[in-house]
Amino acid sequence: MNETARGVDRNLTNYADAGFSRYLRRAFLASAGYDGGDLERPVIGVIDTSSDYNTCHRDMPQLVESVKRGVLEAGGLPMVFPTISLGEILLSPTAMLYRNLMAMETEEMIRAQPMDAVVLLGGCDKTLPAQLMASASVEVPAIHLVAGSMLTGDWRGERLGACTDCRRYWAQHRAGDLDEQAIVGVRQSLCPTSGTCMVMGTASTMACLAEALGMMLPGAASPAAVTGARLRMGVATGRQAVALAVEGRTARDILTRAAFENALKVLAALSGSTNAVVHLLAIAGRAGVELSLDDFDAFAKQVPLLVDCKPAGVGYMEDFDKAGGVPVLLKALEGVLDLDVVGVDGKTLGQQLQTVEPPADWQTTIRTLDAPLGPASSLVVLKGSLAPDGAVLKKASSSPHLHKHRGPAVVFDGPDDAARVDDPALAITPEHVLVMRYAGPVAMGMPEAGSMPLPKYLAEQGVKDMVRISDGRMSGTAYGTVVLHVAPEAAVGGVLALVRDGDMIELDVEAGRVDLLVEEEELARRRAELVLPVLPKRGWRRLYGERVMQANYGADLDFMRDDG
Ligand code: FES
């Protein structure tokens, strides 16, 4: 790339004649109605992830228009282009399998096409992490924006939303407490508007963290998808993209170690999704920032739960927005944050917070460090013989009576095998530990299968939670005593692959341990007999399986990290 070239002259198509390339480019752009004046402007790429397969992005075309208006008002030339879009609910086996593909495609399209800055529009679970991984990897200034969350619905007078309530009602249906007609009624009310899941699941968590990292404008995370505030944020983002194009400040200047430390504190205050752990590790790896599971543990211990949103609390994103959203949360955390970090707006966090005025009733959803909603360590990192390289557990959404538990294993080899859980012949009791393995990155891209269902007959007896252990993930909207992201995973020969039915497993959350209580000699015997699954023969699944790293490195492809 010619570093001094700007606008449409960046990244010329190579015909071994730069003059011809510029001439030809202008000829084809003229066919699209662009004149010489247009092409003098800074070019702002606008990534549109609208897709009929991504219902959460249903209103994105309108948001794209608002971004374009902002770009034009500020003197830029918006150029909209599509990338892969990942709709969480309509992808098999899991959207996570394609996060790295989207990140790679997004990075390459930003780098290959001419643009002076880029606006990345995402929202649904894996889209924003993929886009952050891309913007952390490119030399082009980037600013992010999300589709915004759904508004809540109503069923028989009860407020509800996707997808913590989806799971709660489904569990009641499985336990026989909700008949077919009722569960259909719930289904019709869970997702009443366009937008992303409105609890503090992965989409909401990552939106808040993108803002906390400084990659979105202040206040951009929380306005609902259907509001004018969301569209006004689109206009403001478009304008700021032009300013970034002029200044040349890139994500690398924003994504510093201090910015990640602030984000980890925000994650703890939100009691955000466990998926944020893998995503932040991957983004940091792209940005060349040292970040480890131990950092998550350390910062989670420092910051209590402040935000009252499901699944750890009772509210929804629209409540968080009414309380002032991320700016007010950052104000509440001011005393423990690094105030010198600089975001996409060019201001330090300290300068930003000087202008934040919380609304009168903000403490209904956002609490203070002096009077928090819950204790610190809402997320804990576990290590031990079953997870030598680590695992995570969302303590705030788990059952305290299971935090110290010893029980016999019942092993399931992959999500499809979980159908056996209802078989009475297994004689599962509430003391058993359900092990869901071969659900890790190499096995199948880490589906959200870790929070596997409890046996129907136990649910009917009123059992609400059991210890579950997996190398997969769980939805950020889910709850339960579920040990996730076990590394190394079973598919690469982790100890998880050696567990057999009846083996005793011990979980000790306070001690930060998860152990398999089987003698070393016996494990060595089992290891000698172990047959690992074979990778798919071709395509993305093959490349992914060969090069994906374990969850404690963010499940990124090894050759895409900053250090290669
Ligand atoms: Fe799209 Fe939840 S399914 S954010």
# chains A, B, ... in the order shown; residues from 1 in each chain; ligands from 1
>>> residues_near_ligand(ligand="ligand 1", cutoff="8 Å", atoms="only C-alpha atoms and all ligand atoms", output="MDAnalysis selection string")
chainID A and resid 54:57 87:89 123:125 149 162:163 195:198 201:204
>>> write_last_selection(atoms="all heavy atoms", output="tab-separated table (two decimals), in the first residue's frame")
chain	number	residue	atom	x	y	z
A	54	ASN	N	-30.07	-12.97	10.17
A	54	ASN	CA	-29.68	-12.35	11.44
A	54	ASN	C	-30.81	-11.41	11.87
A	54	ASN	O	-30.78	-10.22	11.59
A	54	ASN	CB	-28.36	-11.59	11.28
A	54	ASN	CG	-27.78	-11.19	12.62
A	54	ASN	OD1	-28.50	-11.14	13.63
A	54	ASN	ND2	-26.50	-10.89	12.64
A	55	THR	N	-31.78	-11.97	12.55
A	55	THR	CA	-32.97	-11.18	12.93
A	55	THR	C	-32.61	-10.03	13.86
A	55	THR	O	-33.29	-9.01	13.90
A	55	THR	CB	-34.01	-12.08	13.62
A	55	THR	OG1	-33.39	-12.73	14.73
A	55	THR	CG2	-34.55	-13.14	12.66
A	56	CYS	N	-31.54	-10.20	14.62
A	56	CYS	CA	-31.13	-9.14	15.55
A	56	CYS	C	-30.72	-7.87	14.80
A	56	CYS	O	-30.72	-6.78	15.37
A	56	CYS	CB	-29.98	-9.62	16.42
A	56	CYS	SG	-30.39	-11.08	17.40
A	57	HIS	N	-30.35	-8.00	13.54
A	57	HIS	CA	-29.90	-6.86	12.74
A	57	HIS	C	-31.00	-6.37	11.80
A	57	HIS	O	-30.71	-5.69	10.82
A	57	HIS	CB	-28.65	-7.23	11.94
A	57	HIS	CG	-27.44	-7.50	12.79
A	57	HIS	ND1	-26.17	-7.65	12.27
A	57	HIS	CD2	-27.30	-7.65	14.13
A	57	HIS	CE1	-25.31	-7.89	13.25
A	57	HIS	NE2	-25.98	-7.90	14.39
A	87	GLY	N	-25.81	-14.69	12.64
A	87	GLY	CA	-27.02	-14.70	13.46
A	87	GLY	C	-26.95	-15.88	14.40
A	87	GLY	O	-26.97	-17.04	13.97
A	88	GLU	N	-26.88	-15.59	15.68
A	88	GLU	CA	-26.59	-16.62	16.69
A	88	GLU	C	-27.51	-17.84	16.60
A	88	GLU	O	-27.06	-18.98	16.74
A	88	GLU	CB	-26.72	-15.97	18.08
A	88	GLU	CG	-26.36	-16.84	19.23
A	88	GLU	CD	-24.87	-17.16	19.27
A	88	GLU	OE1	-24.08	-16.45	18.64
A	88	GLU	OE2	-24.52	-18.15	19.94
A	89	ILE	N	-28.77	-17.59	16.35
A	89	ILE	CA	-29.76	-18.67	16.49
A	89	ILE	C	-29.91	-19.47	15.19
A	89	ILE	O	-30.49	-20.54	15.17
A	89	ILE	CB	-31.12	-18.07	16.91
A	89	ILE	CG1	-30.95	-17.13	18.11
A	89	ILE	CG2	-32.15	-19.13	17.22
A	89	ILE	CD1	-30.38	-17.79	19.35
A	123	GLY	N	-23.48	-6.39	16.30
A	123	GLY	CA	-24.44	-6.46	17.40
A	123	GLY	C	-24.66	-7.86	17.89
A	123	GLY	O	-24.34	-8.19	19.03
A	124	CYS	N	-25.23	-8.72	17.04
A	124	CYS	CA	-25.54	-10.08	17.49
A	124	CYS	C	-24.25	-10.78	17.92
A	124	CYS	O	-23.20	-10.61	17.29
A	124	CYS	CB	-26.25	-10.86	16.39
A	124	CYS	SG	-26.89	-12.44	16.97
A	125	ASP	N	-24.40	-11.55	18.97
A	125	ASP	CA	-23.30	-12.15	19.75
A	125	ASP	C	-21.87	-12.11	19.18
A	125	ASP	O	-21.01	-11.45	19.73
A	125	ASP	CB	-23.64	-13.60	20.03
A	125	ASP	CG	-24.39	-13.74	21.35
A	125	ASP	OD1	-25.22	-12.89	21.66
A	125	ASP	OD2	-24.10	-14.71	22.06
A	149	SER	N	-30.23	-3.14	21.55
A	149	SER	CA	-30.96	-4.28	22.09
A	149	SER	C	-32.46	-4.18	21.81
A	149	SER	O	-32.98	-3.13	21.47
A	149	SER	CB	-30.72	-4.38	23.60
A	149	SER	OG	-31.05	-3.15	24.21
A	162	ALA	N	-35.46	-12.06	25.82
A	162	ALA	CA	-34.47	-13.05	25.40
A	162	ALA	C	-33.13	-12.74	26.09
A	162	ALA	O	-32.74	-11.59	26.15
A	162	ALA	CB	-34.31	-13.00	23.88
A	163	CYS	N	-32.39	-13.76	26.56
A	163	CYS	CA	-32.93	-15.09	26.50
A	163	CYS	C	-32.84	-15.79	27.85
A	163	CYS	O	-32.97	-17.00	27.93
A	163	CYS	CB	-32.20	-15.90	25.45
A	163	CYS	SG	-33.38	-16.69	24.34
A	195	GLY	N	-33.47	-6.08	17.23
A	195	GLY	CA	-32.39	-5.79	18.17
A	195	GLY	C	-31.81	-7.06	18.77
A	195	GLY	O	-32.27	-8.17	18.51
A	196	THR	N	-30.80	-6.87	19.58
A	196	THR	CA	-30.08	-7.99	20.18
A	196	THR	C	-30.72	-8.36	21.52
A	196	THR	O	-31.53	-7.59	22.06
A	196	THR	CB	-28.60	-7.62	20.39
A	196	THR	OG1	-28.54	-6.36	21.08
A	196	THR	CG2	-27.87	-7.48	19.07
A	197	CYS	N	-30.34	-9.51	22.05
A	197	CYS	CA	-30.91	-9.98	23.31
A	197	CYS	C	-30.77	-8.89	24.38
A	197	CYS	O	-29.70	-8.30	24.54
A	197	CYS	CB	-30.22	-11.26	23.77
A	197	CYS	SG	-30.55	-12.63	22.66
A	198	MET	N	-31.87	-8.65	25.12
A	198	MET	CA	-31.95	-7.48	25.99
A	198	MET	C	-31.56	-7.72	27.43
A	198	MET	O	-31.75	-6.86	28.28
A	198	MET	CB	-33.33	-6.84	25.90
A	198	MET	CG	-34.48	-7.70	26.36
A	198	MET	SD	-34.79	-9.03	25.19
A	198	MET	CE	-36.48	-8.76	24.70
A	201	GLY	N	-26.53	-10.56	28.34
A	201	GLY	CA	-25.91	-11.71	27.70
A	201	GLY	C	-24.67	-11.26	26.94
A	201	GLY	O	-24.13	-10.16	27.18
A	202	THR	N	-24.25	-12.07	26.01
A	202	THR	CA	-22.99	-11.77	25.32
A	202	THR	C	-23.08	-10.49	24.49
A	202	THR	O	-22.16	-9.66	24.51
A	202	THR	CB	-22.57	-12.95	24.43
A	202	THR	OG1	-22.56	-14.12	25.23
A	202	THR	CG2	-21.20	-12.73	23.83
A	203	ALA	N	-24.18	-10.31	23.76
A	203	ALA	CA	-24.28	-9.13	22.89
A	203	ALA	C	-24.24	-7.85	23.72
A	203	ALA	O	-23.49	-6.92	23.40
A	203	ALA	CB	-25.56	-9.20	22.07
A	204	SER	N	-25.04	-7.82	24.79
A	204	SER	CA	-25.06	-6.61	25.62
A	204	SER	C	-23.72	-6.41	26.33
A	204	SER	O	-23.20	-5.29	26.41
A	204	SER	CB	-26.17	-6.71	26.67
A	204	SER	OG	-27.42	-6.89	26.07
>>> select_by_dssp(residues="stretch 352-513 of chain A", states="alpha helix (DSSP H)", output="CSV table (one decimal) with all heavy atoms, in the first residue's frame")
chain,number,residue,atom,x,y,z
A,352,GLN,N,-14.0,12.7,29.7
A,352,GLN,CA,-15.4,12.3,29.4
A,352,GLN,C,-16.3,12.3,30.6
A,352,GLN,O,-17.4,12.7,30.6
A,352,GLN,CB,-15.3,10.8,28.9
A,352,GLN,CG,-15.5,10.5,27.5
A,352,GLN,CD,-15.5,9.0,27.3
A,352,GLN,OE1,-16.2,8.3,28.0
A,352,GLN,NE2,-14.7,8.6,26.4
A,353,LEU,N,-15.7,11.7,31.7
A,353,LEU,CA,-16.5,11.6,32.9
A,353,LEU,C,-16.9,12.9,33.6
A,353,LEU,O,-17.9,12.9,34.3
A,353,LEU,CB,-15.8,10.6,33.9
A,353,LEU,CG,-15.6,9.2,33.4
A,353,LEU,CD1,-15.0,8.3,34.5
A,353,LEU,CD2,-17.0,8.6,33.0
A,354,GLN,N,-16.1,13.9,33.3
A,354,GLN,CA,-16.5,15.2,33.9
A,354,GLN,C,-17.8,15.7,33.4
A,354,GLN,O,-18.5,16.5,34.1
A,354,GLN,CB,-15.4,16.3,33.4
A,354,GLN,CG,-14.2,16.2,34.3
A,354,GLN,CD,-13.0,17.1,33.8
A,354,GLN,OE1,-13.3,18.0,32.9
A,354,GLN,NE2,-11.8,16.8,34.2
A,441,PRO,N,-13.0,-25.8,21.2
A,441,PRO,CA,-12.7,-25.2,19.9
A,441,PRO,C,-12.4,-26.1,18.8
A,441,PRO,O,-13.0,-26.1,17.7
A,441,PRO,CB,-11.6,-24.2,20.2
A,441,PRO,CG,-11.5,-24.1,21.7
A,441,PRO,CD,-12.2,-25.3,22.3
A,442,VAL,N,-11.5,-27.0,19.0
A,442,VAL,CA,-11.1,-28.0,17.9
A,442,VAL,C,-12.2,-28.9,17.6
A,442,VAL,O,-12.5,-29.2,16.4
A,442,VAL,CB,-9.8,-28.7,18.4
A,442,VAL,CG1,-9.5,-29.8,17.4
A,442,VAL,CG2,-8.6,-27.8,18.5
A,443,ALA,N,-12.9,-29.4,18.6
A,443,ALA,CA,-14.0,-30.4,18.4
A,443,ALA,C,-15.1,-29.9,17.5
A,443,ALA,O,-15.4,-30.5,16.5
A,443,ALA,CB,-14.6,-30.8,19.7
A,444,MET,N,-15.6,-28.7,17.8
A,444,MET,CA,-16.7,-28.1,17.0
A,444,MET,C,-16.9,-26.6,17.2
A,444,MET,O,-18.0,-26.2,16.9
A,444,MET,CB,-18.0,-28.9,17.3
A,444,MET,CG,-18.4,-28.9,18.8
A,444,MET,SD,-19.7,-30.1,19.1
A,444,MET,CE,-20.9,-29.7,17.9
A,456,LYS,N,-34.8,-34.7,32.9
A,456,LYS,CA,-36.2,-34.3,33.0
A,456,LYS,C,-36.8,-34.8,34.4
A,456,LYS,O,-37.5,-34.1,35.0
A,456,LYS,CB,-37.0,-34.9,31.8
A,456,LYS,CG,-38.3,-34.2,31.5
A,456,LYS,CD,-38.8,-34.7,30.2
A,456,LYS,CE,-40.0,-34.0,29.6
A,456,LYS,NZ,-41.1,-33.8,30.5
A,457,TYR,N,-36.5,-36.1,34.7
A,457,TYR,CA,-37.1,-36.6,35.9
A,457,TYR,C,-36.6,-35.9,37.2
A,457,TYR,O,-37.3,-35.8,38.2
A,457,TYR,CB,-36.8,-38.1,36.1
A,457,TYR,CG,-35.4,-38.6,35.9
A,457,TYR,CD1,-34.6,-38.7,37.0
A,457,TYR,CD2,-34.9,-38.9,34.6
A,457,TYR,CE1,-33.3,-39.1,36.8
A,457,TYR,CE2,-33.6,-39.4,34.5
A,457,TYR,CZ,-32.8,-39.5,35.6
A,457,TYR,OH,-31.5,-39.9,35.4
A,458,LEU,N,-35.4,-35.3,37.2
A,458,LEU,CA,-34.9,-34.5,38.3
A,458,LEU,C,-35.6,-33.1,38.3
A,458,LEU,O,-35.9,-32.6,39.3
A,458,LEU,CB,-33.4,-34.4,38.3
A,458,LEU,CG,-32.6,-35.7,38.6
A,458,LEU,CD1,-31.1,-35.4,38.6
A,458,LEU,CD2,-33.0,-36.3,39.9
A,459,ALA,N,-35.7,-32.6,37.1
A,459,ALA,CA,-36.4,-31.3,37.0
A,459,ALA,C,-37.8,-31.4,37.5
A,459,ALA,O,-38.3,-30.5,38.2
A,459,ALA,CB,-36.4,-30.8,35.5
A,460,GLU,N,-38.5,-32.5,37.2
A,460,GLU,CA,-39.8,-32.7,37.7
A,460,GLU,C,-39.9,-32.8,39.2
A,460,GLU,O,-40.9,-32.5,39.8
A,460,GLU,CB,-40.4,-33.9,37.0
A,460,GLU,CG,-40.8,-33.7,35.5
A,460,GLU,CD,-41.1,-34.9,34.7
A,460,GLU,OE1,-40.9,-36.0,35.3
A,460,GLU,OE2,-41.5,-34.8,33.6
>>> atom_distance(atom1="atom CA of A:Glu211", atom2="atom CA of A:Asp563")
25.6 Å
>>> select_by_dssp(residues="stretch 123-214 of chain A", states="strand (DSSP E or B)", output="mmCIF file with C-alpha atoms, in the first residue's frame")
data_model
loop_
_atom_site.group_PDB
_atom_site.id
_atom_site.type_symbol
_atom_site.label_atom_id
_atom_site.label_comp_id
_atom_site.auth_asym_id
_atom_site.auth_seq_id
_atom_site.Cartn_x
_atom_site.Cartn_y
_atom_site.Cartn_z
ATOM 1 C CA ALA A 142 -12.039 2.203 13.084
ATOM 2 C CA ILE A 143 -15.135 3.019 15.083
ATOM 3 C CA HIS A 144 -17.794 0.527 16.134
ATOM 4 C CA LEU A 145 -21.546 0.706 16.507
ATOM 5 C CA VAL A 146 -24.106 -1.904 17.488
ATOM 6 C CA SER A 149 -30.960 -4.283 22.089
ATOM 7 C CA GLY A 153 -42.010 -8.172 26.009
ATOM 8 C CA ASP A 154 -44.962 -9.088 28.168
ATOM 9 C CA TRP A 155 -46.588 -12.445 28.837
ATOM 10 C CA GLU A 158 -44.991 -10.538 33.342
ATOM 11 C CA ARG A 159 -42.133 -8.624 31.756
ATOM 12 C CA LEU A 160 -39.791 -10.915 29.865
ATOM 13 C CA THR A 196 -30.077 -7.992 20.178
#
>>> atom_distance(atom1="atom CA of A:Val411", atom2="atom CA of A:Asp389")
20.6 Å
>>> residues_around(residues="A:Ala487", least_positions_apart="3", cutoff="8 Å", atoms="only C-alpha atoms", output="list in words")
Ala387, Pro388, Asp389, Gly390, Ala391, Asp471, Gly494, Gln550, Ala551 and Asn552 of chain A
>>> atom_distance(atom1="atom CA of A:Met446", atom2="atom CA of A:Thr274")
12.6 Å
>>> residues_around(residues="stretch 77-80 of chain A", least_positions_apart="2", cutoff="8 Å", atoms="only C-alpha atoms", output="number ranges by chain")
A: 38-39, 41-48, 68, 71-72, 75, 82
>>> closest_residue(among="A:Asp361, A:Glu139, A:Asp345, A:Asp416", to="A:Ile110", atoms="only C-alpha atoms")
A:Glu139
>>> closest_residue(among="A:Gly161, A:Gly545, A:Gly70, A:Gly445", to="A:Val235", atoms="only C-alpha atoms")
A:Gly70
>>> closest_residue(among="A:Arg252, A:Arg26, A:Arg239, A:Lys383", to="A:Asp562", atoms="only C-alpha atoms")
A:Arg252
>>> decode(residues="stretch 492-520 of chain A", atoms="N, CA, C and O atoms", output="mmCIF file, in the first residue's frame")
data_model
loop_
_atom_site.group_PDB
_atom_site.id
_atom_site.type_symbol
_atom_site.label_atom_id
_atom_site.label_comp_id
_atom_site.auth_asym_id
_atom_site.auth_seq_id
_atom_site.Cartn_x
_atom_site.Cartn_y
_atom_site.Cartn_z
ATOM 1 N N VAL A 492 -8.125 -32.423 22.067
ATOM 2 C CA VAL A 492 -6.661 -32.398 21.911
ATOM 3 C C VAL A 492 -5.999 -33.237 23.007
ATOM 4 O O VAL A 492 -4.799 -33.117 23.247
ATOM 5 N N GLY A 493 -6.794 -34.066 23.671
ATOM 6 C CA GLY A 493 -6.216 -34.963 24.672
ATOM 7 C C GLY A 493 -6.148 -34.388 26.062
ATOM 8 O O GLY A 493 -5.390 -34.887 26.911
ATOM 9 N N GLY A 494 -6.934 -33.344 26.341
ATOM 10 C CA GLY A 494 -6.988 -32.819 27.706
ATOM 11 C C GLY A 494 -7.502 -33.867 28.668
ATOM 12 O O GLY A 494 -8.118 -34.869 28.259
ATOM 13 N N VAL A 495 -7.272 -33.641 29.954
ATOM 14 C CA VAL A 495 -7.671 -34.627 30.972
ATOM 15 C C VAL A 495 -9.167 -34.920 30.894
ATOM 16 O O VAL A 495 -9.615 -36.028 31.218
ATOM 17 N N LEU A 496 -9.930 -33.948 30.428
ATOM 18 C CA LEU A 496 -11.379 -34.133 30.278
ATOM 19 C C LEU A 496 -11.695 -35.387 29.446
ATOM 20 O O LEU A 496 -12.695 -36.059 29.681
ATOM 21 N N ALA A 497 -10.813 -35.681 28.467
ATOM 22 C CA ALA A 497 -11.036 -36.847 27.600
ATOM 23 C C ALA A 497 -10.864 -38.159 28.360
ATOM 24 O O ALA A 497 -11.296 -39.209 27.889
ATOM 25 N N LEU A 498 -10.222 -38.092 29.528
ATOM 26 C CA LEU A 498 -9.918 -39.327 30.272
ATOM 27 C C LEU A 498 -10.974 -39.668 31.321
ATOM 28 O O LEU A 498 -10.917 -40.730 31.940
ATOM 29 N N VAL A 499 -11.923 -38.751 31.529
ATOM 30 C CA VAL A 499 -12.939 -38.971 32.567
ATOM 31 C C VAL A 499 -13.856 -40.124 32.154
ATOM 32 O O VAL A 499 -14.233 -40.242 30.980
ATOM 33 N N ARG A 500 -14.211 -40.964 33.130
ATOM 34 C CA ARG A 500 -15.159 -42.053 32.868
ATOM 35 C C ARG A 500 -16.329 -41.950 33.861
ATOM 36 O O ARG A 500 -16.179 -41.395 34.952
ATOM 37 N N ASP A 501 -17.456 -42.495 33.462
ATOM 38 C CA ASP A 501 -18.630 -42.500 34.344
ATOM 39 C C ASP A 501 -18.236 -43.038 35.712
ATOM 40 O O ASP A 501 -17.554 -44.072 35.815
ATOM 41 N N GLY A 502 -18.656 -42.342 36.731
ATOM 42 C CA GLY A 502 -18.397 -42.805 38.092
ATOM 43 C C GLY A 502 -17.152 -42.215 38.728
ATOM 44 O O GLY A 502 -17.011 -42.261 39.957
ATOM 45 N N ASP A 503 -16.235 -41.668 37.923
ATOM 46 C CA ASP A 503 -15.061 -40.998 38.505
ATOM 47 C C ASP A 503 -15.523 -39.865 39.415
ATOM 48 O O ASP A 503 -16.475 -39.151 39.078
ATOM 49 N N MET A 504 -14.826 -39.675 40.515
ATOM 50 C CA MET A 504 -15.201 -38.573 41.395
ATOM 51 C C MET A 504 -14.558 -37.265 40.918
ATOM 52 O O MET A 504 -13.369 -37.237 40.559
ATOM 53 N N ILE A 505 -15.366 -36.214 40.901
ATOM 54 C CA ILE A 505 -14.891 -34.876 40.519
ATOM 55 C C ILE A 505 -15.168 -33.944 41.692
ATOM 56 O O ILE A 505 -16.228 -34.025 42.320
ATOM 57 N N GLU A 506 -14.200 -33.071 41.968
ATOM 58 C CA GLU A 506 -14.378 -32.133 43.075
ATOM 59 C C GLU A 506 -14.291 -30.696 42.561
ATOM 60 O O GLU A 506 -13.325 -30.327 41.883
ATOM 61 N N LEU A 507 -15.314 -29.932 42.903
ATOM 62 C CA LEU A 507 -15.330 -28.497 42.584
ATOM 63 C C LEU A 507 -15.199 -27.719 43.886
ATOM 64 O O LEU A 507 -15.928 -27.995 44.847
ATOM 65 N N ASP A 508 -14.272 -26.785 43.914
ATOM 66 C CA ASP A 508 -14.121 -25.914 45.081
ATOM 67 C C ASP A 508 -13.937 -24.489 44.557
ATOM 68 O O ASP A 508 -12.826 -24.082 44.208
ATOM 69 N N VAL A 509 -15.038 -23.777 44.502
ATOM 70 C CA VAL A 509 -15.008 -22.446 43.874
ATOM 71 C C VAL A 509 -14.145 -21.481 44.680
ATOM 72 O O VAL A 509 -13.362 -20.710 44.109
ATOM 73 N N GLU A 510 -14.266 -21.531 45.999
ATOM 74 C CA GLU A 510 -13.479 -20.599 46.826
ATOM 75 C C GLU A 510 -11.990 -20.830 46.621
ATOM 76 O O GLU A 510 -11.200 -19.878 46.553
ATOM 77 N N ALA A 511 -11.603 -22.095 46.494
ATOM 78 C CA ALA A 511 -10.181 -22.420 46.295
ATOM 79 C C ALA A 511 -9.771 -22.261 44.836
ATOM 80 O O ALA A 511 -8.580 -22.353 44.506
ATOM 81 N N GLY A 512 -10.739 -22.039 43.950
ATOM 82 C CA GLY A 512 -10.433 -21.870 42.524
ATOM 83 C C GLY A 512 -9.963 -23.157 41.874
ATOM 84 O O GLY A 512 -9.100 -23.140 41.003
ATOM 85 N N ARG A 513 -10.591 -24.290 42.280
ATOM 86 C CA ARG A 513 -10.096 -25.572 41.763
ATOM 87 C C ARG A 513 -11.224 -26.457 41.228
ATOM 88 O O ARG A 513 -12.350 -26.441 41.730
ATOM 89 N N VAL A 514 -10.859 -27.229 40.210
ATOM 90 C CA VAL A 514 -11.723 -28.299 39.738
ATOM 91 C C VAL A 514 -10.810 -29.491 39.442
ATOM 92 O O VAL A 514 -9.872 -29.397 38.638
ATOM 93 N N ASP A 515 -11.049 -30.588 40.156
ATOM 94 C CA ASP A 515 -10.114 -31.721 40.106
ATOM 95 C C ASP A 515 -10.812 -33.036 39.794
ATOM 96 O O ASP A 515 -11.933 -33.275 40.247
ATOM 97 N N LEU A 516 -10.090 -33.869 39.064
ATOM 98 C CA LEU A 516 -10.524 -35.243 38.811
ATOM 99 C C LEU A 516 -9.791 -36.124 39.802
ATOM 100 O O LEU A 516 -8.547 -36.177 39.806
ATOM 101 N N LEU A 517 -10.541 -36.830 40.649
ATOM 102 C CA LEU A 517 -9.914 -37.589 41.733
ATOM 103 C C LEU A 517 -9.619 -39.017 41.279
ATOM 104 O O LEU A 517 -10.206 -39.992 41.767
ATOM 105 N N VAL A 518 -8.716 -39.124 40.339
ATOM 106 C CA VAL A 518 -8.306 -40.430 39.796
ATOM 107 C C VAL A 518 -6.782 -40.482 39.818
ATOM 108 O O VAL A 518 -6.122 -39.486 39.491
ATOM 109 N N GLU A 519 -6.245 -41.630 40.207
ATOM 110 C CA GLU A 519 -4.788 -41.778 40.329
ATOM 111 C C GLU A 519 -4.084 -41.558 38.989
ATOM 112 O O GLU A 519 -4.611 -41.906 37.934
ATOM 113 N N GLU A 520 -2.870 -41.017 39.090
ATOM 114 C CA GLU A 520 -2.064 -40.721 37.893
ATOM 115 C C GLU A 520 -1.820 -41.962 37.035
ATOM 116 O O GLU A 520 -1.877 -41.908 35.812
#
